[in-house]
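Engineer: work.cif is reproduced in full below (mmCIF, C-alpha atoms and all ligand atoms).
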data_protein
#
loop_
_atom_site.group_PDB
_atom_site.id
_atom_site.type_symbol
_atom_site.label_atom_id
_atom_site.label_comp_id
_atom_site.auth_asym_id
_atom_site.auth_seq_id
_atom_site.Cartn_x
_atom_site.Cartn_y
_atom_site.Cartn_z
ATOM 1 C CA MET A 1 -43.720 12.588 -39.387
ATOM 2 C CA ARG A 2 -46.676 14.743 -38.576
ATOM 3 C CA PHE A 3 -49.394 12.201 -39.201
ATOM 4 C CA VAL A 4 -48.286 9.670 -36.536
ATOM 5 C CA PRO A 5 -51.525 9.010 -34.666
ATOM 6 C CA ARG A 6 -49.963 9.367 -31.228
ATOM 7 C CA ARG A 7 -53.084 10.652 -29.568
ATOM 8 C CA ARG A 8 -55.339 8.048 -30.978
ATOM 9 C CA PRO A 9 -55.823 5.428 -28.299
ATOM 10 C CA VAL A 10 -54.861 1.898 -29.166
ATOM 11 C CA PRO A 11 -58.123 0.026 -29.611
ATOM 12 C CA SER A 12 -58.399 -2.144 -26.565
ATOM 13 C CA GLY A 13 -59.046 -5.336 -28.443
ATOM 14 C CA LEU A 14 -56.194 -4.785 -30.944
ATOM 15 C CA PRO A 15 -52.951 -6.603 -30.101
ATOM 16 C CA LEU A 16 -49.935 -4.286 -29.838
ATOM 17 C CA ALA A 17 -48.071 -6.184 -32.587
ATOM 18 C CA LEU A 18 -50.862 -5.517 -35.051
ATOM 19 C CA PHE A 19 -50.933 -1.848 -34.090
ATOM 20 C CA LEU A 20 -47.178 -1.594 -34.622
ATOM 21 C CA ALA A 21 -47.460 -3.308 -37.996
ATOM 22 C CA LEU A 22 -50.151 -0.825 -39.015
ATOM 23 C CA PHE A 23 -48.034 2.060 -37.741
ATOM 24 C CA LEU A 24 -45.012 0.884 -39.738
ATOM 25 C CA ALA A 25 -47.087 0.404 -42.870
ATOM 26 C CA LEU A 26 -48.444 3.953 -42.573
ATOM 27 C CA SER A 27 -44.956 5.352 -41.925
ATOM 28 C CA CYS A 28 -43.579 3.658 -45.002
ATOM 29 C CA ALA A 29 -46.387 5.104 -47.094
ATOM 30 C CA ALA A 30 -44.905 8.582 -46.551
ATOM 31 C CA PRO A 31 -42.798 9.828 -49.478
ATOM 32 C CA ALA A 32 -39.209 8.648 -49.253
ATOM 33 C CA ARG A 33 -37.942 12.067 -50.340
ATOM 34 C CA ALA A 34 -37.482 14.704 -47.612
ATOM 35 C CA GLY A 35 -40.570 16.911 -47.333
ATOM 36 C CA HIS A 36 -41.079 20.471 -46.096
ATOM 37 C CA ASP A 37 -40.859 19.428 -42.497
ATOM 38 C CA ALA A 38 -37.677 17.439 -42.898
ATOM 39 C CA PRO A 39 -34.520 19.039 -41.604
ATOM 40 C CA ALA A 40 -32.468 20.908 -44.242
ATOM 41 C CA GLY A 41 -29.936 18.661 -45.893
ATOM 42 C CA GLY A 42 -29.961 16.188 -48.691
ATOM 43 C CA LYS A 43 -27.471 16.160 -51.477
ATOM 44 C CA ALA A 44 -26.583 19.400 -53.226
ATOM 45 C CA ALA A 45 -25.006 19.557 -56.685
ATOM 46 C CA ILE A 46 -24.054 21.978 -59.446
ATOM 47 C CA LEU A 47 -25.171 21.686 -63.059
ATOM 48 C CA VAL A 48 -23.231 23.834 -65.538
ATOM 49 C CA VAL A 49 -25.126 24.437 -68.779
ATOM 50 C CA ALA A 50 -23.549 25.664 -72.006
ATOM 51 C CA PHE A 51 -24.693 25.830 -75.624
ATOM 52 C CA GLY A 52 -21.898 23.356 -76.323
ATOM 53 C CA THR A 53 -19.213 22.954 -78.948
ATOM 54 C CA SER A 54 -18.138 20.207 -81.316
ATOM 55 C CA VAL A 55 -14.712 21.779 -81.922
ATOM 56 C CA PRO A 56 -12.179 19.717 -79.920
ATOM 57 C CA GLU A 57 -9.692 22.605 -79.491
ATOM 58 C CA ALA A 58 -12.480 24.770 -78.071
ATOM 59 C CA ARG A 59 -13.172 22.321 -75.225
ATOM 60 C CA LYS A 60 -10.387 23.872 -73.187
ATOM 61 C CA ALA A 61 -12.746 26.702 -72.236
ATOM 62 C CA PHE A 62 -15.137 24.213 -70.609
ATOM 63 C CA ASP A 63 -12.268 22.295 -68.992
ATOM 64 C CA ASP A 64 -10.971 25.555 -67.482
ATOM 65 C CA MET A 65 -14.441 26.450 -66.233
ATOM 66 C CA ASP A 66 -14.959 22.974 -64.831
ATOM 67 C CA ALA A 67 -11.693 23.181 -62.887
ATOM 68 C CA ALA A 68 -12.583 26.650 -61.574
ATOM 69 C CA VAL A 69 -16.049 25.512 -60.437
ATOM 70 C CA ARG A 70 -14.634 22.456 -58.669
ATOM 71 C CA GLN A 71 -12.020 24.594 -56.954
ATOM 72 C CA ALA A 72 -14.597 27.195 -55.860
ATOM 73 C CA PHE A 73 -17.034 24.569 -54.526
ATOM 74 C CA PRO A 74 -14.959 21.692 -53.168
ATOM 75 C CA GLY A 75 -17.052 18.737 -52.140
ATOM 76 C CA MET A 76 -19.976 19.583 -54.421
ATOM 77 C CA ALA A 77 -20.653 17.302 -57.376
ATOM 78 C CA VAL A 78 -20.362 19.153 -60.704
ATOM 79 C CA HIS A 79 -22.259 18.007 -63.798
ATOM 80 C CA TRP A 80 -22.531 19.439 -67.313
ATOM 81 C CA ALA A 81 -25.238 19.703 -69.942
ATOM 82 C CA PHE A 82 -25.291 21.201 -73.467
ATOM 83 C CA THR A 83 -28.438 22.934 -74.723
ATOM 84 C CA SER A 84 -27.686 22.429 -78.442
ATOM 85 C CA ASN A 85 -29.176 19.214 -79.804
ATOM 86 C CA ILE A 86 -27.142 19.526 -83.019
ATOM 87 C CA ILE A 87 -23.895 19.730 -81.058
ATOM 88 C CA ARG A 88 -24.874 16.786 -78.849
ATOM 89 C CA GLU A 89 -25.769 14.699 -81.905
ATOM 90 C CA LYS A 90 -22.438 15.555 -83.566
ATOM 91 C CA LEU A 91 -20.555 14.601 -80.407
ATOM 92 C CA ALA A 92 -22.561 11.394 -79.990
ATOM 93 C CA ALA A 93 -21.600 10.377 -83.535
ATOM 94 C CA GLN A 94 -17.970 10.680 -82.371
ATOM 95 C CA GLY A 95 -18.716 8.559 -79.333
ATOM 96 C CA GLN A 96 -18.879 11.410 -76.825
ATOM 97 C CA VAL A 97 -22.154 11.421 -74.951
ATOM 98 C CA THR A 98 -23.170 14.734 -73.370
ATOM 99 C CA ASP A 99 -26.391 15.256 -71.432
ATOM 100 C CA SER A 100 -29.185 17.570 -72.505
ATOM 101 C CA VAL A 101 -30.689 19.601 -69.643
ATOM 102 C CA PRO A 102 -33.594 17.151 -69.042
ATOM 103 C CA ALA A 103 -31.226 14.159 -69.194
ATOM 104 C CA ALA A 104 -28.921 15.780 -66.643
ATOM 105 C CA LEU A 105 -31.822 16.669 -64.332
ATOM 106 C CA ALA A 106 -33.103 13.079 -64.430
ATOM 107 C CA ARG A 107 -29.623 11.713 -63.773
ATOM 108 C CA LEU A 108 -29.142 14.054 -60.798
ATOM 109 C CA LEU A 109 -32.535 13.133 -59.322
ATOM 110 C CA ASP A 110 -31.685 9.449 -59.701
ATOM 111 C CA ALA A 111 -28.434 10.086 -57.864
ATOM 112 C CA GLY A 112 -30.379 11.464 -54.901
ATOM 113 C CA VAL A 113 -29.651 15.148 -55.437
ATOM 114 C CA THR A 114 -32.298 17.258 -53.702
ATOM 115 C CA ARG A 115 -30.859 20.774 -54.051
ATOM 116 C CA LEU A 116 -29.423 21.982 -57.319
ATOM 117 C CA ALA A 117 -27.615 25.116 -58.489
ATOM 118 C CA VAL A 118 -27.790 25.445 -62.276
ATOM 119 C CA GLN A 119 -25.262 27.813 -63.851
ATOM 120 C CA SER A 120 -25.738 29.108 -67.374
ATOM 121 C CA LEU A 121 -22.574 29.708 -69.414
ATOM 122 C CA HIS A 122 -24.551 31.675 -71.976
ATOM 123 C CA ALA A 123 -23.484 35.255 -72.675
ATOM 124 C CA ILE A 124 -26.997 36.721 -72.460
ATOM 125 C CA PRO A 125 -30.409 35.550 -71.203
ATOM 126 C CA GLY A 126 -31.709 34.841 -74.711
ATOM 127 C CA GLU A 127 -33.571 31.975 -76.302
ATOM 128 C CA GLU A 128 -31.104 29.205 -75.396
ATOM 129 C CA PHE A 129 -31.186 30.302 -71.761
ATOM 130 C CA HIS A 130 -34.936 30.852 -71.426
ATOM 131 C CA GLU A 131 -36.278 28.060 -73.634
ATOM 132 C CA LYS A 132 -33.700 25.319 -73.185
ATOM 133 C CA LEU A 133 -32.647 25.980 -69.615
ATOM 134 C CA VAL A 134 -35.124 27.965 -67.489
ATOM 135 C CA ARG A 135 -38.262 26.471 -69.020
ATOM 136 C CA THR A 136 -36.955 22.924 -68.732
ATOM 137 C CA VAL A 137 -35.708 23.351 -65.168
ATOM 138 C CA ARG A 138 -38.949 25.007 -64.012
ATOM 139 C CA GLY A 139 -41.053 22.268 -65.574
ATOM 140 C CA PHE A 140 -39.052 19.524 -63.937
ATOM 141 C CA GLY A 141 -40.378 18.583 -60.503
ATOM 142 C CA GLY A 142 -38.704 16.430 -57.913
ATOM 143 C CA PHE A 143 -36.005 18.632 -56.397
ATOM 144 C CA ASP A 144 -36.527 20.371 -53.060
ATOM 145 C CA LYS A 145 -34.794 23.476 -54.336
ATOM 146 C CA VAL A 146 -33.332 24.603 -57.660
ATOM 147 C CA VAL A 147 -31.647 27.990 -58.117
ATOM 148 C CA ILE A 148 -30.543 29.194 -61.558
ATOM 149 C CA GLY A 149 -27.373 31.283 -61.916
ATOM 150 C CA GLN A 150 -27.732 33.991 -64.547
ATOM 151 C CA PRO A 151 -25.760 34.247 -67.812
ATOM 152 C CA LEU A 152 -22.663 36.454 -68.098
ATOM 153 C CA MET A 153 -24.623 39.634 -68.854
ATOM 154 C CA SER A 154 -27.916 39.898 -66.998
ATOM 155 C CA THR A 155 -27.944 43.018 -64.849
ATOM 156 C CA ASP A 156 -26.695 46.546 -65.299
ATOM 157 C CA GLU A 157 -23.862 45.805 -62.855
ATOM 158 C CA ASP A 158 -22.943 42.764 -64.949
ATOM 159 C CA MET A 159 -22.566 44.975 -68.025
ATOM 160 C CA ALA A 160 -20.127 47.293 -66.271
ATOM 161 C CA ALA A 161 -18.222 44.341 -64.778
ATOM 162 C CA VAL A 162 -18.009 42.607 -68.166
ATOM 163 C CA ALA A 163 -16.748 45.790 -69.837
ATOM 164 C CA ASP A 164 -14.057 46.112 -67.130
ATOM 165 C CA ALA A 165 -13.057 42.444 -67.368
ATOM 166 C CA LEU A 166 -12.889 42.536 -71.177
ATOM 167 C CA LEU A 167 -10.650 45.604 -71.180
ATOM 168 C CA SER A 168 -8.363 44.369 -68.399
ATOM 169 C CA THR A 169 -8.028 40.981 -70.129
ATOM 170 C CA PHE A 170 -7.660 41.956 -73.785
ATOM 171 C CA GLY A 171 -6.322 45.504 -73.451
ATOM 172 C CA PRO A 172 -2.784 44.285 -72.648
ATOM 173 C CA LEU A 173 -2.830 41.908 -75.661
ATOM 174 C CA ARG A 174 -3.285 44.771 -78.081
ATOM 175 C CA ALA A 175 -0.533 46.301 -80.173
ATOM 176 C CA GLY A 176 -0.372 50.111 -80.381
ATOM 177 C CA GLY A 177 -3.288 51.666 -82.262
ATOM 178 C CA GLU A 178 -5.128 48.361 -82.470
ATOM 179 C CA ALA A 179 -8.888 48.499 -81.935
ATOM 180 C CA LEU A 180 -10.588 45.830 -79.830
ATOM 181 C CA VAL A 181 -13.489 44.219 -81.672
ATOM 182 C CA PHE A 182 -15.708 41.759 -79.806
ATOM 183 C CA MET A 183 -17.841 39.373 -81.822
ATOM 184 C CA GLY A 184 -21.077 38.461 -80.043
ATOM 185 C CA HIS A 185 -23.589 35.926 -81.331
ATOM 186 C CA GLY A 186 -26.596 38.242 -81.556
ATOM 187 C CA THR A 187 -30.211 37.104 -81.668
ATOM 188 C CA HIS A 188 -33.754 37.966 -82.750
ATOM 189 C CA HIS A 189 -34.669 37.542 -79.039
ATOM 190 C CA PRO A 190 -35.282 40.806 -77.102
ATOM 191 C CA ALA A 191 -32.167 40.019 -75.038
ATOM 192 C CA ASN A 192 -30.093 41.159 -78.024
ATOM 193 C CA ILE A 193 -30.247 44.564 -76.280
ATOM 194 C CA TYR A 194 -27.327 43.434 -74.083
ATOM 195 C CA TYR A 195 -24.942 43.852 -77.033
ATOM 196 C CA PRO A 196 -25.676 47.539 -77.750
ATOM 197 C CA GLY A 197 -25.778 47.896 -73.945
ATOM 198 C CA LEU A 198 -22.255 46.533 -73.634
ATOM 199 C CA GLN A 199 -21.157 48.834 -76.453
ATOM 200 C CA TRP A 200 -22.231 51.819 -74.343
ATOM 201 C CA TYR A 201 -20.257 50.589 -71.295
ATOM 202 C CA LEU A 202 -17.178 49.860 -73.420
ATOM 203 C CA GLU A 203 -17.103 53.256 -75.094
ATOM 204 C CA GLN A 204 -17.208 55.013 -71.717
ATOM 205 C CA ARG A 205 -13.944 53.241 -70.977
ATOM 206 C CA ASP A 206 -12.227 52.973 -74.355
ATOM 207 C CA PRO A 207 -13.346 54.609 -77.608
ATOM 208 C CA LEU A 208 -11.532 51.921 -79.619
ATOM 209 C CA ALA A 209 -13.452 49.002 -78.072
ATOM 210 C CA LEU A 210 -16.410 47.888 -80.200
ATOM 211 C CA VAL A 211 -19.035 45.144 -80.143
ATOM 212 C CA GLY A 212 -20.565 43.558 -83.216
ATOM 213 C CA THR A 213 -22.765 40.487 -83.603
ATOM 214 C CA VAL A 214 -23.175 37.688 -86.145
ATOM 215 C CA GLU A 215 -26.977 37.600 -86.086
ATOM 216 C CA GLY A 216 -28.159 40.783 -84.377
ATOM 217 C CA THR A 217 -27.298 44.406 -83.597
ATOM 218 C CA PRO A 218 -24.731 45.992 -83.745
ATOM 219 C CA SER A 219 -23.781 44.550 -87.128
ATOM 220 C CA LEU A 220 -20.327 43.992 -88.588
ATOM 221 C CA GLU A 221 -21.135 46.798 -91.057
ATOM 222 C CA TRP A 222 -21.616 49.184 -88.154
ATOM 223 C CA VAL A 223 -18.311 48.096 -86.614
ATOM 224 C CA VAL A 224 -16.459 48.550 -89.925
ATOM 225 C CA ALA A 225 -17.960 52.021 -90.413
ATOM 226 C CA ARG A 226 -16.888 53.063 -86.899
ATOM 227 C CA LEU A 227 -13.359 51.764 -87.421
ATOM 228 C CA ALA A 228 -13.096 53.606 -90.771
ATOM 229 C CA GLU A 229 -14.424 56.793 -89.133
ATOM 230 C CA LYS A 230 -11.709 56.544 -86.481
ATOM 231 C CA GLY A 231 -9.009 55.852 -89.056
ATOM 232 C CA VAL A 232 -8.156 52.501 -87.481
ATOM 233 C CA SER A 233 -6.089 50.103 -89.597
ATOM 234 C CA ARG A 234 -5.606 47.244 -87.131
ATOM 235 C CA ALA A 235 -7.930 45.311 -84.853
ATOM 236 C CA LEU A 236 -7.764 42.503 -82.319
ATOM 237 C CA LEU A 237 -10.802 40.255 -82.895
ATOM 238 C CA VAL A 238 -12.209 38.515 -79.827
ATOM 239 C CA PRO A 239 -15.176 36.119 -79.620
ATOM 240 C CA LEU A 240 -17.700 37.332 -77.024
ATOM 241 C CA MET A 241 -18.672 33.743 -76.219
ATOM 242 C CA SER A 242 -17.707 31.235 -73.552
ATOM 243 C CA VAL A 243 -15.932 29.073 -76.161
ATOM 244 C CA ALA A 244 -14.100 29.822 -79.401
ATOM 245 C CA GLY A 245 -16.078 27.261 -81.400
ATOM 246 C CA ASP A 246 -17.498 27.244 -84.896
ATOM 247 C CA HIS A 247 -18.589 30.925 -84.939
ATOM 248 C CA ALA A 248 -15.166 32.104 -83.786
ATOM 249 C CA ARG A 249 -13.192 29.848 -86.117
ATOM 250 C CA ASN A 250 -15.373 30.329 -89.221
ATOM 251 C CA ASP A 251 -17.553 33.465 -89.018
ATOM 252 C CA MET A 252 -14.873 35.481 -87.243
ATOM 253 C CA ALA A 253 -11.461 34.110 -88.201
ATOM 254 C CA GLY A 254 -12.176 31.956 -91.282
ATOM 255 C CA ASP A 255 -10.553 32.484 -94.683
ATOM 256 C CA GLU A 256 -13.863 32.778 -96.572
ATOM 257 C CA ASP A 257 -14.676 36.162 -98.119
ATOM 258 C CA ASP A 258 -17.491 36.828 -95.662
ATOM 259 C CA SER A 259 -15.609 36.144 -92.432
ATOM 260 C CA TRP A 260 -15.037 39.147 -90.158
ATOM 261 C CA LYS A 261 -11.292 38.887 -90.746
ATOM 262 C CA SER A 262 -11.784 38.956 -94.546
ATOM 263 C CA VAL A 263 -14.392 41.734 -94.509
ATOM 264 C CA LEU A 264 -12.103 43.890 -92.363
ATOM 265 C CA ALA A 265 -9.087 43.094 -94.565
ATOM 266 C CA ALA A 266 -11.093 44.146 -97.655
ATOM 267 C CA ARG A 267 -11.585 47.537 -95.966
ATOM 268 C CA GLY A 268 -7.905 47.895 -95.214
ATOM 269 C CA ILE A 269 -8.100 46.778 -91.575
ATOM 270 C CA ALA A 270 -5.692 44.021 -90.575
ATOM 271 C CA ALA A 271 -7.443 41.826 -88.012
ATOM 272 C CA ARG A 272 -5.725 39.515 -85.572
ATOM 273 C CA PRO A 273 -8.178 36.895 -84.265
ATOM 274 C CA VAL A 274 -7.997 35.536 -80.705
ATOM 275 C CA LEU A 275 -9.072 31.895 -80.858
ATOM 276 C CA GLN A 276 -9.873 31.506 -77.179
ATOM 277 C CA GLY A 277 -13.258 31.612 -75.505
ATOM 278 C CA LEU A 278 -14.066 33.970 -72.644
ATOM 279 C CA ALA A 279 -14.160 31.049 -70.209
ATOM 280 C CA GLU A 280 -10.427 30.572 -70.807
ATOM 281 C CA PHE A 281 -9.729 33.889 -69.066
ATOM 282 C CA ALA A 282 -9.870 34.099 -65.261
ATOM 283 C CA PRO A 283 -11.447 37.589 -64.980
ATOM 284 C CA LEU A 284 -14.381 36.520 -67.192
ATOM 285 C CA ARG A 285 -14.681 33.099 -65.530
ATOM 286 C CA GLU A 286 -14.875 34.931 -62.218
ATOM 287 C CA LEU A 287 -18.053 36.765 -63.327
ATOM 288 C CA TRP A 288 -19.820 33.488 -64.132
ATOM 289 C CA LEU A 289 -18.503 32.039 -60.843
ATOM 290 C CA GLU A 290 -19.934 34.999 -58.941
ATOM 291 C CA HIS A 291 -23.371 34.243 -60.383
ATOM 292 C CA LEU A 292 -22.932 30.611 -59.370
ATOM 293 C CA ARG A 293 -21.889 31.623 -55.829
ATOM 294 C CA ARG A 294 -25.174 33.497 -55.528
ATOM 295 C CA ALA A 295 -27.111 30.481 -56.800
ATOM 296 C CA VAL A 296 -25.369 28.080 -54.387
ATOM 297 C CA ALA A 297 -25.971 30.497 -51.477
ATOM 298 C CA GLY A 298 -29.641 30.542 -52.504
ATOM 299 C CA LEU A 299 -29.901 26.778 -51.924
ATOM 300 C CA ASP A 300 -29.794 27.341 -48.155
ATOM 301 C CA GLY A 301 -32.912 29.489 -47.937
ATOM 302 C CA LYS A 302 -36.481 28.221 -48.211
HETATM 303 CO CO CO B 401 -25.046 30.240 -83.750
#
Using the file provided, produce a representation of the structure as structure tokens.
Ligand code: CO
Structural biologist:
Amino acid sequence: MRFVPRRRPVPSGLPLALFLALFLALSCAAPARAGHDAPAGGKAAILVVAFGTSVPEARKAFDDMDAAVRQAFPGMAVHWAFTSNIIREKLAAQGQVTDSVPAALARLLDAGVTRLAVQSLHAIPGEEFHEKLVRTVRGFGGFDKVVIGQPLMSTDEDMAAVADALLSTFGPLRAGGEALVFMGHGTHHPANIYYPGLQWYLEQRDPLALVGTVEGTPSLEWVVARLAEKGVSRALLVPLMSVAGDHARNDMAGDEDDSWKSVLAARGIAARPVLQGLAEFAPLRELWLEHLRRAVAGLDGK
């Protein structure tokens, strides 16, 4: 405690007991939380943040990730938050309460956590990541240190690593002549550029590996045209998302006329959907874990 008035002489007329009482009162007025001059320490924790899913079968992806995080960081408390309010409301109606990011941050502060590594399970640093995670975390005071782990695809090296992991994971699942089609979410946010970026990295490695998106670029139309051009008649469809939730089960693999499976079938391409999220596969989980390792290591510095 820097402010202890050691050098100030005890007023001669003041009894020692009164001086001590004053000293204690002043000491207690200091903030209870460790300040800049306090030795490093305090409680550290991990907060994993995903968009969320209300599909019970899809939860396995988060369970797998949770187990991997706990194994990689034994002794650190691991908490979860979902950024989607709609998903959290749906789950709450079924009696499953999941924290939003601000609710999780408040809970962690209450629990005495002073240093926090926040890991995004988003695929790209788009709107969900920036608006619902980064903005909220940055605006939330109270922690001594918070480090945010980046989404799956953030740097150029990430793109190459993701392309490698996707091909080593899904390549062996393919039948002969089958194209690999990854379905990303896509967004109006500038971070949509990661999808055409990934396409470039994939085609350096495998000309039959393509990326399309539900809401951005490249489109399904583009993917279909490329497959037709290459004379492909079969494709393995893989969701490029941490979980195989509603988009994977309906937009990608659903029986409606406008699902990816149906659109491809209408063009003579038999599609086999994979109903597992990326977080269910160790090589992809490892890339998110690597980002989290960097975030946790960052908690030690100033
Ligand atoms: Co969506």
Engineer: Going by the chain IDs and residue numbers used in this file, which residues fall under the PyMOL selection byres (((chain A and resi 209) around 12) and not hetatm)? Write them as number ranges by chain.
Structural biologist: A: 163-164, 166-168, 170-171, 174, 177-183, 198-208, 210-212, 223, 226-227, 230, 232, 235-238
Engineer: If you keep C-alpha atoms, can you produce a file of those selected residues as a JSON list (two decimals), in the frame of the given file?
Structural biologist:
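Result written to selection_5.json:
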[["chain", "number", "residue", "atom", "x", "y", "z"],
["A", 163, "ALA", "CA", -16.75, 45.79, -69.84],
["A", 164, "ASP", "CA", -14.06, 46.11, -67.13],
["A", 166, "LEU", "CA", -12.89, 42.54, -71.18],
["A", 167, "LEU", "CA", -10.65, 45.60, -71.18],
["A", 168, "SER", "CA", -8.36, 44.37, -68.40],
["A", 170, "PHE", "CA", -7.66, 41.96, -73.78],
["A", 171, "GLY", "CA", -6.32, 45.50, -73.45],
["A", 174, "ARG", "CA", -3.28, 44.77, -78.08],
["A", 177, "GLY", "CA", -3.29, 51.67, -82.26],
["A", 178, "GLU", "CA", -5.13, 48.36, -82.47],
["A", 179, "ALA", "CA", -8.89, 48.50, -81.94],
["A", 180, "LEU", "CA", -10.59, 45.83, -79.83],
["A", 181, "VAL", "CA", -13.49, 44.22, -81.67],
["A", 182, "PHE", "CA", -15.71, 41.76, -79.81],
["A", 183, "MET", "CA", -17.84, 39.37, -81.82],
["A", 198, "LEU", "CA", -22.26, 46.53, -73.63],
["A", 199, "GLN", "CA", -21.16, 48.83, -76.45],
["A", 200, "TRP", "CA", -22.23, 51.82, -74.34],
["A", 201, "TYR", "CA", -20.26, 50.59, -71.30],
["A", 202, "LEU", "CA", -17.18, 49.86, -73.42],
["A", 203, "GLU", "CA", -17.10, 53.26, -75.09],
["A", 204, "GLN", "CA", -17.21, 55.01, -71.72],
["A", 205, "ARG", "CA", -13.94, 53.24, -70.98],
["A", 206, "ASP", "CA", -12.23, 52.97, -74.36],
["A", 207, "PRO", "CA", -13.35, 54.61, -77.61],
["A", 208, "LEU", "CA", -11.53, 51.92, -79.62],
["A", 210, "LEU", "CA", -16.41, 47.89, -80.20],
["A", 211, "VAL", "CA", -19.04, 45.14, -80.14],
["A", 212, "GLY", "CA", -20.56, 43.56, -83.22],
["A", 223, "VAL", "CA", -18.31, 48.10, -86.61],
["A", 226, "ARG", "CA", -16.89, 53.06, -86.90],
["A", 227, "LEU", "CA", -13.36, 51.76, -87.42],
["A", 230, "LYS", "CA", -11.71, 56.54, -86.48],
["A", 232, "VAL", "CA", -8.16, 52.50, -87.48],
["A", 235, "ALA", "CA", -7.93, 45.31, -84.85],
["A", 236, "LEU", "CA", -7.76, 42.50, -82.32],
["A", 237, "LEU", "CA", -10.80, 40.26, -82.90],
["A", 238, "VAL", "CA", -12.21, 38.52, -79.83]]
Engineer: May I have the residues within 12 Å of ligand CO 401 (chain B), computed using all atoms listed in the file, as a VMD selection string?
Structural biologist: chain A and resid 51 to 53 84 86 to 87 122 127 to 128 183 to 188 213 to 216 241 243 to 248 250 to 252
Engineer: Take the PyMOL selection byres (((chain A and resi 267) around 10) and not hetatm), apply it to the structure above, and return the hits as a PDB file with C-alpha atoms, keeping the file's coordinate frame.
Structural biologist:
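See result-v7.pdb below for the written result:
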ATOM      1  CA  VAL A 224     -16.459  48.550 -89.925  1.00  0.00           C
ATOM      2  CA  ALA A 225     -17.960  52.021 -90.413  1.00  0.00           C
ATOM      3  CA  LEU A 227     -13.359  51.764 -87.421  1.00  0.00           C
ATOM      4  CA  ALA A 228     -13.096  53.606 -90.771  1.00  0.00           C
ATOM      5  CA  SER A 233      -6.089  50.103 -89.597  1.00  0.00           C
ATOM      6  CA  SER A 262     -11.784  38.956 -94.546  1.00  0.00           C
ATOM      7  CA  VAL A 263     -14.392  41.734 -94.509  1.00  0.00           C
ATOM      8  CA  LEU A 264     -12.103  43.890 -92.363  1.00  0.00           C
ATOM      9  CA  ALA A 265      -9.087  43.094 -94.565  1.00  0.00           C
ATOM     10  CA  ALA A 266     -11.093  44.146 -97.655  1.00  0.00           C
ATOM     11  CA  GLY A 268      -7.905  47.895 -95.214  1.00  0.00           C
ATOM     12  CA  ILE A 269      -8.100  46.778 -91.575  1.00  0.00           C
ATOM     13  CA  ALA A 270      -5.692  44.021 -90.575  1.00  0.00           C
TER      14      ALA A 270
END
Engineer: For Leu108 in chain A, work out the shell of residues within 12 Å, counting all atoms listed in the file and skipping chain neighbours fewer than 6 positions away, then give it as an NGL selection string.
Structural biologist: :A and (43-47 or 77-81 or 99 or 101-102 or 114-118 or 140 or 142-143 or 146)
Engineer: Rounded to one decimal, what separation in Å do you get between CA of Ala67 in chain A and CA of Arg285 in chain A?
Structural biologist: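 So the answer is 10.7 Å.
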Engineer: Centre and edge lengths of an axis-aligned box around all listed atoms of range 179-195 of chain A, with 3 Å added on each side, are to be given in Å to one decimal, as AutoDock Vina command-line options.
Structural biologist:
--center_x -22.1 --center_y 42.2 --center_z -78.4 --size_x 32.4 --size_y 18.6 --size_z 14.7
Engineer: Return the single residue from A:Gly139, A:Lys60, A:Arg293, A:Ser54 that is closest to Ala93 in chain A, with distances computed using all atoms listed in the file.
Structural biologist: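 The answer is A:Ser54, which sits nearest to Ala93 in chain A.
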Engineer: Name every residue that the PyMOL selection byres (((chain A and resi 125) around 12) and not hetatm) selects in this structure, writing the answer as number ranges by chain with chains first and numbers rising.
Structural biologist: A: 119-124, 126-134, 148-155, 186-187, 189-195
Engineer: Report the distance between CA of Val162 in chain A and CA of Glu280 in chain A in Å, rounded to one decimal place.
Structural biologist: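 Interatomic distance here is 14.5 Å.
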